[in-house]
$ cat protein-v9.csv   # CSV, C-alpha atoms
chain,number,residue,atom,x,y,z
A,1,MET,CA,0.0,0.0,0.0
A,2,ALA,CA,2.9,2.4,0.9
A,3,LYS,CA,4.6,1.6,-2.4
A,4,LYS,CA,1.5,2.4,-4.4
A,5,LYS,CA,1.1,5.7,-2.5
A,6,LYS,CA,4.8,6.5,-3.2
A,7,ARG,CA,4.3,5.7,-6.9
A,8,ARG,CA,1.2,7.9,-7.0
A,9,ASP,CA,3.0,10.8,-5.3
A,10,SER,CA,6.0,10.4,-7.6
A,11,ALA,CA,3.7,10.4,-10.7
A,12,ARG,CA,1.9,13.5,-9.4
A,13,ASN,CA,5.2,15.3,-8.7
A,14,GLY,CA,6.3,14.4,-12.3
A,15,GLU,CA,3.1,15.8,-13.7
A,16,GLU,CA,3.4,19.0,-11.7
A,17,GLU,CA,7.0,19.4,-12.8
A,18,GLU,CA,6.0,18.9,-16.4
A,19,LEU,CA,3.2,21.4,-16.1
A,20,HIS,CA,5.6,23.9,-14.4
A,21,ASN,CA,8.1,23.5,-17.2
A,22,HIS,CA,5.4,23.8,-19.8
A,23,ARG,CA,4.0,27.0,-18.2
A,24,ASN,CA,7.5,28.5,-18.0
A,25,GLY,CA,8.3,27.6,-21.5
A,26,GLY,CA,5.0,28.9,-22.7
A,27,THR,CA,5.6,32.2,-20.9
A,28,GLU,CA,9.0,32.6,-22.6
A,29,LYS,CA,7.6,31.7,-26.0
A,30,LYS,CA,4.7,34.1,-25.5
A,31,ILE,CA,7.0,37.0,-24.6
A,32,LYS,CA,9.2,36.2,-27.6
A,33,ARG,CA,6.2,35.9,-29.9
A,34,ASP,CA,4.8,39.2,-28.6
A,35,GLU,CA,8.1,40.9,-29.2
A,36,GLU,CA,8.3,39.6,-32.8
A,37,GLN,CA,4.7,40.6,-33.5
A,38,ASN,CA,5.3,44.0,-31.9
A,39,THR,CA,8.3,44.5,-34.2
A,40,LYS,CA,6.3,43.7,-37.2
A,41,ARG,CA,3.3,45.9,-36.3
A,42,SER,CA,5.2,48.7,-34.6
A,43,LYS,CA,3.5,52.1,-35.2
A,44,VAL,CA,6.8,53.9,-34.8
A,45,ARG,CA,8.5,54.9,-38.0
A,46,THR,CA,11.9,53.3,-38.2
A,47,VAL,CA,15.2,54.0,-40.0
A,48,SER,CA,17.6,51.2,-40.7
A,49,ILE,CA,21.0,51.1,-42.2
A,50,ALA,CA,22.8,48.2,-44.0
A,51,VAL,CA,26.5,47.9,-44.0
A,52,PRO,CA,28.8,45.2,-45.4
A,53,GLY,CA,30.7,43.1,-42.9
A,54,SER,CA,33.7,43.1,-45.3
A,55,ILE,CA,34.7,46.6,-44.2
A,56,ILE,CA,36.2,45.0,-41.0
A,57,ASP,CA,38.6,43.0,-43.2
A,58,ASN,CA,40.3,46.2,-44.4
A,59,ALA,CA,41.3,47.2,-40.8
A,60,GLN,CA,45.0,46.6,-40.2
A,61,SER,CA,44.7,45.5,-36.5
A,62,LEU,CA,42.1,44.3,-34.0
A,63,GLU,CA,42.2,47.6,-32.3
A,64,LEU,CA,41.5,49.5,-35.5
A,65,ALA,CA,38.7,47.1,-36.4
A,66,THR,CA,37.2,47.7,-33.0
A,67,ARG,CA,37.4,51.5,-33.4
A,68,LEU,CA,35.7,51.2,-36.8
A,69,ALA,CA,32.8,49.3,-35.3
A,70,GLY,CA,32.6,51.9,-32.5
A,71,GLN,CA,32.3,54.7,-35.1
A,72,ILE,CA,29.3,52.9,-36.7
A,73,ALA,CA,27.7,52.4,-33.3
A,74,ARG,CA,28.2,56.0,-32.3
A,75,ALA,CA,26.8,57.3,-35.6
A,76,SER,CA,23.8,55.0,-35.4
A,77,THR,CA,23.0,56.2,-31.8
A,78,ILE,CA,23.5,59.9,-32.5
A,79,PHE,CA,21.1,59.7,-35.5
A,80,ARG,CA,18.6,57.4,-33.7
A,81,ILE,CA,19.0,54.4,-36.1
A,82,ASP,CA,16.6,51.6,-35.2
A,83,GLU,CA,18.3,48.7,-37.0
A,84,ILE,CA,21.7,47.9,-38.3
A,85,VAL,CA,21.8,45.1,-40.9
A,86,VAL,CA,25.3,43.6,-41.4
A,87,PHE,CA,25.4,41.8,-44.8
A,88,ASP,CA,27.9,39.6,-46.5
A,89,SER,CA,28.9,41.1,-49.9
A,90,LYS,CA,29.6,37.7,-51.4
A,91,GLY,CA,26.6,35.8,-50.1
A,92,ALA,CA,28.5,33.5,-47.7
A,93,GLY,CA,25.2,32.0,-46.5
A,94,MET,CA,26.0,32.0,-42.8
A,95,ASP,CA,22.9,31.9,-40.6
A,96,ASN,CA,22.6,34.5,-37.8
A,97,SER,CA,23.0,32.0,-34.9
A,98,ARG,CA,26.4,31.0,-36.4
A,99,VAL,CA,27.4,34.6,-36.9
A,100,THR,CA,26.9,35.8,-33.4
A,101,THR,CA,28.6,32.8,-31.8
A,102,ALA,CA,31.3,32.2,-34.4
A,103,GLY,CA,34.7,31.1,-33.0
A,104,ASP,CA,35.6,30.1,-29.5
A,105,GLU,CA,36.4,32.7,-26.9
A,106,ASP,CA,40.1,32.8,-27.9
A,107,GLY,CA,39.3,32.6,-31.6
A,108,ILE,CA,39.8,35.4,-34.2
A,109,GLU,CA,36.7,36.7,-35.9
A,110,SER,CA,36.5,38.9,-38.9
A,111,GLY,CA,33.9,40.5,-41.2
A,112,ALA,CA,30.3,40.2,-40.2
A,113,PRO,CA,30.7,38.0,-37.0
A,114,PHE,CA,33.2,40.5,-35.5
A,115,LEU,CA,31.1,43.6,-36.4
A,116,ILE,CA,27.9,42.1,-35.1
A,117,ARG,CA,29.5,41.1,-31.8
A,118,VAL,CA,31.0,44.6,-31.1
A,119,LEU,CA,27.8,46.4,-32.2
A,120,GLU,CA,25.6,44.3,-29.9
A,121,TYR,CA,28.0,44.7,-27.0
A,122,LEU,CA,28.1,48.5,-27.3
A,123,GLU,CA,24.3,48.8,-27.6
A,124,THR,CA,23.9,46.8,-24.3
A,125,PRO,CA,23.8,48.9,-21.1
A,126,GLN,CA,27.1,48.6,-19.2
A,127,TYR,CA,25.6,46.9,-16.2
A,128,LEU,CA,24.3,44.0,-18.3
A,129,ARG,CA,27.4,43.3,-20.3
A,130,LYS,CA,29.1,41.0,-17.9
A,131,SER,CA,26.0,38.8,-17.7
A,132,LEU,CA,25.2,38.7,-21.4
A,133,PHE,CA,28.7,38.7,-23.0
A,134,PRO,CA,31.3,36.1,-21.9
A,135,TRP,CA,34.9,37.2,-22.5
A,136,HIS,CA,35.9,37.0,-26.1
A,137,ASN,CA,39.0,38.0,-28.0
A,138,SER,CA,37.0,40.2,-30.3
A,139,LEU,CA,36.0,42.4,-27.4
A,140,ARG,CA,39.6,42.9,-26.2
A,141,PHE,CA,39.7,46.6,-27.2
A,142,VAL,CA,36.1,47.7,-26.6
A,143,GLY,CA,37.2,49.5,-23.4
A,144,LEU,CA,39.0,52.1,-25.5
A,145,LEU,CA,35.7,53.1,-27.2
A,146,PRO,CA,33.6,56.1,-26.1
A,147,PRO,CA,30.3,55.1,-24.5
A,148,LEU,CA,27.1,55.4,-26.6
A,149,ASP,CA,25.4,57.1,-23.6
A,150,ALA,CA,22.0,56.2,-25.1
A,151,PRO,CA,18.8,56.9,-23.0
A,152,HIS,CA,18.6,53.2,-22.0
A,153,HIS,CA,22.1,53.3,-20.6
A,154,LEU,CA,21.0,54.6,-17.3
A,155,ARG,CA,23.3,55.1,-14.3
A,156,LYS,CA,22.7,53.4,-11.0
A,157,HIS,CA,21.4,56.6,-9.4
A,158,GLU,CA,19.0,57.5,-12.3
A,159,TRP,CA,15.4,56.5,-12.3
A,160,GLY,CA,13.5,55.9,-15.6
A,161,SER,CA,10.1,54.8,-16.6
A,162,PHE,CA,11.8,51.8,-18.3
A,163,ARG,CA,15.0,50.0,-17.8
A,164,GLU,CA,16.8,47.1,-19.6
A,165,GLY,CA,17.4,44.1,-17.4
A,166,VAL,CA,18.6,40.5,-17.3
A,167,THR,CA,16.8,37.6,-15.6
A,168,LEU,CA,18.6,36.0,-12.7
A,169,LYS,CA,18.9,32.4,-11.4
A,170,GLU,CA,18.2,33.4,-7.8
A,171,LYS,CA,14.7,32.4,-6.7
A,172,THR,CA,12.2,34.9,-5.3
A,173,LEU,CA,11.2,34.6,-1.7
A,174,ASN,CA,7.7,33.4,-2.4
A,175,SER,CA,8.6,31.6,-5.7
A,176,ILE,CA,6.4,34.0,-7.6
A,177,GLY,CA,7.9,35.7,-10.6
A,178,THR,CA,11.6,36.2,-11.5
A,179,TYR,CA,14.4,38.4,-10.2
A,180,VAL,CA,15.8,40.9,-12.8
A,181,ASP,CA,18.9,42.9,-12.5
A,182,VAL,CA,18.1,46.4,-13.9
A,183,GLY,CA,21.2,48.1,-12.7
A,184,LEU,CA,19.8,49.5,-9.5
A,185,SER,CA,20.9,48.9,-5.9
A,186,LYS,CA,18.3,46.2,-5.6
A,187,ASN,CA,17.0,43.6,-8.1
A,188,VAL,CA,13.3,43.9,-9.1
A,189,VAL,CA,10.8,41.2,-9.5
A,190,ILE,CA,8.7,40.6,-12.7
A,191,GLU,CA,5.5,38.7,-12.8
A,192,ASP,CA,6.7,36.2,-15.4
A,193,LYS,CA,8.6,33.0,-14.6
A,194,LEU,CA,11.6,33.0,-17.0
A,195,GLU,CA,14.9,31.3,-17.4
A,196,PRO,CA,18.1,33.2,-16.3
A,197,GLY,CA,20.2,35.2,-18.7
A,198,LYS,CA,17.3,36.7,-20.8
A,199,ARG,CA,17.5,40.4,-21.7
A,200,LEU,CA,14.3,42.2,-21.5
A,201,THR,CA,12.7,45.7,-21.1
A,202,VAL,CA,11.0,46.3,-17.7
A,203,ALA,CA,8.4,49.0,-17.0
A,204,MET,CA,9.5,50.6,-13.8
A,205,GLY,CA,6.6,53.1,-13.4
A,206,THR,CA,6.8,55.9,-10.9
A,207,ASN,CA,6.8,53.9,-7.7
A,208,ARG,CA,10.5,53.7,-6.6
A,209,HIS,CA,9.8,50.9,-4.1
A,210,LEU,CA,12.0,48.0,-5.0
A,211,GLY,CA,10.6,45.4,-2.6
A,212,ALA,CA,10.0,41.8,-3.5
A,213,ASP,CA,6.2,42.5,-3.2
A,214,GLN,CA,6.3,45.0,-6.0
A,215,LEU,CA,5.8,43.1,-9.3
A,216,HIS,CA,7.0,44.8,-12.5
A,217,LYS,CA,5.9,44.1,-16.0
A,218,VAL,CA,7.9,43.1,-19.1
A,219,VAL,CA,7.2,45.2,-22.1
A,220,PRO,CA,8.3,45.1,-25.8
A,221,PHE,CA,11.6,46.7,-26.7
A,222,SER,CA,9.7,49.4,-28.7
A,223,THR,CA,7.4,50.5,-25.9
A,224,PRO,CA,9.7,53.3,-24.5
A,225,ARG,CA,9.8,54.8,-28.0
A,226,GLU,CA,6.1,54.4,-28.6
A,227,GLU,CA,4.9,55.8,-25.3
A,228,GLU,CA,7.5,58.4,-24.4
A,229,GLY,CA,9.4,59.1,-27.6
A,230,LEU,CA,12.7,57.7,-26.1
A,231,TYR,CA,15.4,56.4,-28.4
A,232,TRP,CA,16.0,52.9,-27.1
A,233,GLY,CA,19.0,51.7,-29.0
A,234,TYR,CA,19.3,49.7,-32.2
A,235,LYS,CA,18.8,46.0,-33.1
A,236,VAL,CA,21.5,44.2,-35.1
A,237,ARG,CA,20.6,41.7,-37.8
A,238,TYR,CA,22.7,39.6,-40.2
A,239,ALA,CA,21.9,39.1,-43.9
A,240,SER,CA,23.8,36.7,-46.1
A,241,SER,CA,23.6,39.0,-49.1
A,242,ILE,CA,22.3,42.4,-50.2
A,243,SER,CA,19.1,40.8,-51.4
A,244,SER,CA,18.6,39.1,-48.0
A,245,VAL,CA,18.6,42.6,-46.5
A,246,PHE,CA,15.2,43.2,-48.2
A,247,LYS,CA,13.8,39.6,-48.1
A,248,GLU,CA,14.4,39.1,-44.3
A,249,CYS,CA,13.1,42.5,-43.2
A,250,PRO,CA,11.5,42.0,-39.7
A,251,TYR,CA,8.8,44.7,-40.3
A,252,GLU,CA,5.4,43.9,-41.7
A,253,GLY,CA,5.3,44.9,-45.3
A,254,GLY,CA,9.0,45.3,-45.5
A,255,TYR,CA,10.9,48.5,-46.1
A,256,ASP,CA,8.6,50.9,-48.0
A,257,HIS,CA,11.5,53.2,-49.1
A,258,THR,CA,15.1,52.2,-49.8
A,259,ILE,CA,18.1,54.4,-50.5
A,260,GLY,CA,21.5,53.3,-51.8
A,261,THR,CA,24.5,55.6,-51.4
A,262,SER,CA,27.4,55.8,-53.8
A,263,GLU,CA,29.7,58.3,-55.5
A,264,HIS,CA,28.0,57.1,-58.7
A,265,GLY,CA,24.5,58.1,-57.4
A,266,THR,CA,22.4,61.1,-58.3
A,267,ILE,CA,23.5,64.4,-56.8
A,268,VAL,CA,20.7,66.3,-54.9
A,269,ASN,CA,21.2,69.0,-52.3
A,270,SER,CA,20.0,67.9,-48.9
A,271,THR,CA,17.7,70.9,-48.7
A,272,ASP,CA,16.1,69.9,-52.0
A,273,LEU,CA,15.7,66.2,-51.2
A,274,THR,CA,12.2,65.0,-50.6
A,275,ILE,CA,11.8,61.6,-49.0
A,276,PRO,CA,8.3,60.2,-49.4
A,277,LYS,CA,6.3,59.3,-46.3
A,278,PHE,CA,7.5,56.0,-45.0
A,279,SER,CA,6.9,53.5,-42.2
A,280,HIS,CA,10.3,51.8,-42.5
A,281,LEU,CA,13.2,53.4,-44.3
A,282,LEU,CA,16.4,51.6,-45.3
A,283,ILE,CA,19.7,53.4,-46.2
A,284,ALA,CA,22.4,51.1,-47.6
A,285,PHE,CA,26.2,51.6,-47.7
A,286,GLY,CA,28.7,49.7,-49.8
A,287,GLY,CA,32.2,48.4,-49.0
A,288,LEU,CA,35.5,49.1,-50.7
A,289,ALA,CA,34.1,48.5,-54.2
A,290,GLY,CA,30.7,50.0,-53.4
A,291,LEU,CA,27.1,48.7,-53.6
A,292,GLU,CA,27.6,47.9,-57.3
A,293,GLU,CA,29.9,45.0,-56.5
A,294,SER,CA,27.5,43.6,-53.8
A,295,ILE,CA,24.7,43.7,-56.3
A,296,GLU,CA,26.7,42.1,-59.1
A,297,GLU,CA,27.8,39.2,-56.8
A,298,ASP,CA,24.2,38.5,-55.6
A,299,ASP,CA,22.7,35.7,-57.7
A,300,SER,CA,19.2,37.0,-56.9
A,301,LEU,CA,20.0,40.4,-58.4
A,302,LYS,CA,21.7,39.2,-61.6
A,303,GLY,CA,21.3,41.6,-64.5
A,304,LYS,CA,20.0,44.5,-62.2
A,305,ASN,CA,21.7,47.8,-61.6
A,306,ALA,CA,21.6,49.8,-58.4
A,307,ASN,CA,18.9,52.1,-59.7
A,308,GLU,CA,16.6,49.1,-60.1
A,309,VAL,CA,17.4,47.7,-56.7
A,310,PHE,CA,16.9,50.9,-54.7
A,311,ASP,CA,14.1,53.5,-54.8
A,312,SER,CA,16.7,56.2,-54.7
A,313,TYR,CA,20.4,56.0,-55.5
A,314,LEU,CA,22.2,59.1,-54.2
A,315,ASN,CA,25.7,60.7,-53.9
A,316,THR,CA,25.6,62.2,-50.4
A,317,CYS,CA,29.1,63.8,-50.7
A,318,PRO,CA,29.7,65.2,-54.1
A,319,ASN,CA,32.9,67.0,-55.1
A,320,GLN,CA,34.9,65.0,-52.5
A,321,GLY,CA,38.5,65.9,-52.1
A,322,SER,CA,39.7,62.3,-51.4
A,323,ARG,CA,39.4,59.7,-54.0
A,324,THR,CA,37.9,57.4,-51.4
A,325,ILE,CA,35.5,57.8,-48.6
A,326,ARG,CA,35.6,55.0,-46.0
A,327,THR,CA,32.3,53.4,-45.1
A,328,GLU,CA,32.4,54.5,-41.5
A,329,GLU,CA,33.0,58.1,-42.8
A,330,ALA,CA,30.2,57.7,-45.3
A,331,ILE,CA,27.8,56.7,-42.6
A,332,PHE,CA,28.4,59.9,-40.6
A,333,ILE,CA,28.3,62.1,-43.7
A,334,SER,CA,25.1,60.5,-45.1
A,335,LEU,CA,23.2,60.3,-41.9
A,336,GLN,CA,23.8,64.1,-41.4
A,337,TYR,CA,22.8,64.6,-45.0
A,338,PHE,CA,19.5,62.7,-44.5
A,339,HIS,CA,18.8,64.1,-41.1
A,340,GLU,CA,16.9,67.2,-42.2
A,341,PRO,CA,14.9,65.5,-45.1
A,342,ILE,CA,13.9,62.7,-42.7
A,343,SER,CA,12.8,65.2,-40.0
A,344,ARG,CA,10.7,67.0,-42.6
A,345,THR,CA,9.0,63.8,-43.7
A,346,LEU,CA,8.3,62.7,-40.1

$ encode --input "protein-v9.csv" --output "structure tokens"
Amino acid sequence: MAKKKKRRDSARNGEEEELHNHRNGGTEKKIKRDEEQNTKRSKVRTVSIAVPGSIIDNAQSLELATRLAGQIARASTIFRIDEIVVFDSKGAGMDNSRVTTAGDEDGIESGAPFLIRVLEYLETPQYLRKSLFPWHNSLRFVGLLPPLDAPHHLRKHEWGSFREGVTLKEKTLNSIGTYVDVGLSKNVVIEDKLEPGKRLTVAMGTNRHLGADQLHKVVPFSTPREEEGLYWGYKVRYASSISSVFKECPYEGGYDHTIGTSEHGTIVNSTDLTIPKFSHLLIAFGGLAGLEESIEEDDSLKGKNANEVFDSYLNTCPNQGSRTIRTEEAIFISLQYFHEPISRTL
């Protein structure tokens, strides 16, 4: 009789554990699904840039490559870029999961994997980096770079309506919800039960009480922008080719206006440029040989020229004194060039 009871208790415990895991897994999938749907249906107008990962290969040292990535991150933050797409010029066909984890911690990365890792690291608030980024050789010189100082990079003494956080392994006192490190003197508790090591956006509200009895809510990454107009950093995405930049667009309906930049593009003064109303704008930059080479090497775009691939193909720096403008320089020049026309459209 005692053995039967023991078996029943064991079976019941197994069912409860399975149900617990199912609920936790379901919660995480729901949050991820909500995040993806929110990205697709976001009411906020977005500006994306596309840059070739090959520009890293032209850097003469790891330190110079890191500084190059830092310039792109700074420019993107200053001009409130929502998405950076790093594409392979020659269609290497590497999926995003392999790109962001390429190489072991002592390995040498180059091209897209290196650029993506550094861009993601710099966009992450300082207090989360140790939890989210294990030491890697590619990050050896990031300490030399100036901080982005974006609105979501809050200091410990600052209070904001929203904060970025990472879920912790430590169990809450009453086993309800999950502890999250949001960079304050105390961890906060969210109402969802999640696995440790997940980055998320937490609504802090106006109540500065950080007790375990105060449950906070997880919100989509876009909420601070939608509700308070705050720039909340950029997302980084990998594309295996220039055509994949368009095909794999995360926004519903894709990019509704695309601009290519090149010294061979049309010359229009910034004050005379009119950008049509858009929901999601994409501005693309070429590498050493320009966007023309990326288009030529893309099997999906065979026979097409740049004017057919992009809605507009513009020269944002006419009468240049140097025979070449580096991509990281072109990004700063072009984003300043587009700043006023975009503001007029918005």

$ residues_around --input "protein-v9.csv" --residues "Leu230 of chain A" --least-positions-apart "2" --cutoff "12 Å" --atoms "all atoms listed in the file" --output "short mmCIF file (atom, residue, chain, number, x, y, z; two decimals) with C-alpha atoms, keeping the file's coordinate frame"
data_model
loop_
_atom_site.label_atom_id
_atom_site.label_comp_id
_atom_site.auth_asym_id
_atom_site.auth_seq_id
_atom_site.Cartn_x
_atom_site.Cartn_y
_atom_site.Cartn_z
CA VAL A 44 6.80 53.90 -34.80
CA THR A 77 23.00 56.20 -31.80
CA ARG A 80 18.60 57.40 -33.70
CA ASP A 82 16.60 51.60 -35.20
CA ALA A 150 22.00 56.20 -25.10
CA PRO A 151 18.80 56.90 -23.00
CA HIS A 152 18.60 53.20 -22.00
CA HIS A 153 22.10 53.30 -20.60
CA GLY A 160 13.50 55.90 -15.60
CA SER A 161 10.10 54.80 -16.60
CA PHE A 162 11.80 51.80 -18.30
CA ARG A 163 15.00 50.00 -17.80
CA PHE A 221 11.60 46.70 -26.70
CA SER A 222 9.70 49.40 -28.70
CA THR A 223 7.40 50.50 -25.90
CA PRO A 224 9.70 53.30 -24.50
CA ARG A 225 9.80 54.80 -28.00
CA GLU A 226 6.10 54.40 -28.60
CA GLU A 227 4.90 55.80 -25.30
CA GLU A 228 7.50 58.40 -24.40
CA TRP A 232 16.00 52.90 -27.10
CA GLY A 233 19.00 51.70 -29.00
#

$ closest_residue --input "protein-v9.csv" --among "A:Gly265, A:Phe114, A:Ala50, A:Ser243" --to "Glu297 of chain A" --atoms "all atoms listed in the file"
A:Ser243

$ closest_residue --input "protein-v9.csv" --among "A:Val85, A:Ala69, A:Cys317, A:Val189" --to "Arg117 of chain A" --atoms "only C-alpha atoms"
A:Ala69

$ closest_residue --input "protein-v9.csv" --among "A:Gln60, A:Asn137, A:Ser244, A:Ser110" --to "Ser294 of chain A" --atoms "only C-alpha atoms"
A:Ser244

$ closest_residue --input "protein-v9.csv" --among "A:Leu288, A:Leu139, A:Leu145, A:Leu194" --to "Glu328 of chain A" --atoms "all atoms listed in the file"
A:Leu288

$ closest_residue --input "protein-v9.csv" --among "A:Thr206, A:Thr266, A:Thr167, A:Thr316" --to "Val218 of chain A" --atoms "only C-alpha atoms"
A:Thr167

$ closest_residue --input "protein-v9.csv" --among "A:Asp311, A:Glu109, A:Asp57, A:Asp88" --to "Ile295 of chain A" --atoms "all atoms listed in the file"
A:Asp88

$ residues_near_point --input "protein-v9.csv" --point "(25.0, 47.2, -42.4)" --cutoff "6 Å" --atoms "all atoms listed in the file" --output "PyMOL selection string"
chain A and resi 49-52+84-87

$ residues_around --input "protein-v9.csv" --residues "Ser89 of chain A" --least-positions-apart "3" --cutoff "9 Å" --atoms "all atoms listed in the file" --output "PyMOL selection string"
chain A and resi 52-54+92+240-242+286-287+291+293-295+297-298

$ atom_distance --input "protein-v9.csv" --atom1 "atom CA of Lys302 of chain A" --atom2 "atom CA of Glu263 of chain A"
21.6 Å

$ residues_around --input "protein-v9.csv" --residues "Glu292 of chain A" --least-positions-apart "5" --cutoff "10 Å" --atoms "only C-alpha atoms" --output "number ranges by chain"
A: 260, 262, 264, 286-287, 297, 304-307

$ atom_distance --input "protein-v9.csv" --atom1 "atom CA of Pro220 of chain A" --atom2 "atom CA of Thr201 of chain A"
6.5 Å

$ residues_near_point --input "protein-v9.csv" --point "(20.6, 63.2, -38.5)" --cutoff "12 Å" --atoms "only C-alpha atoms" --output "PyMOL selection string"
chain A and resi 47+75-81+270+331-344

$ atom_distance --input "protein-v9.csv" --atom1 "atom CA of Val166 of chain A" --atom2 "atom CA of Trp135 of chain A"
17.4 Å

$ residues_around --input "protein-v9.csv" --residues "Ile190 of chain A" --least-positions-apart "3" --cutoff "8 Å" --atoms "only C-alpha atoms" --output "ChimeraX atom specification"
/A:177-180,193,202,215-218

$ write_last_selection --input "protein-v9.csv" --atoms "C-alpha atoms" --output "compact mmCIF listing (two decimals), in the frame of the given file"
# COMPACT_ATOMS: atom_id res chain seq x y z
CA GLY A 177 7.90 35.70 -10.60
CA THR A 178 11.60 36.20 -11.50
CA TYR A 179 14.40 38.40 -10.20
CA VAL A 180 15.80 40.90 -12.80
CA LYS A 193 8.60 33.00 -14.60
CA VAL A 202 11.00 46.30 -17.70
CA LEU A 215 5.80 43.10 -9.30
CA HIS A 216 7.00 44.80 -12.50
CA LYS A 217 5.90 44.10 -16.00
CA VAL A 218 7.90 43.10 -19.10
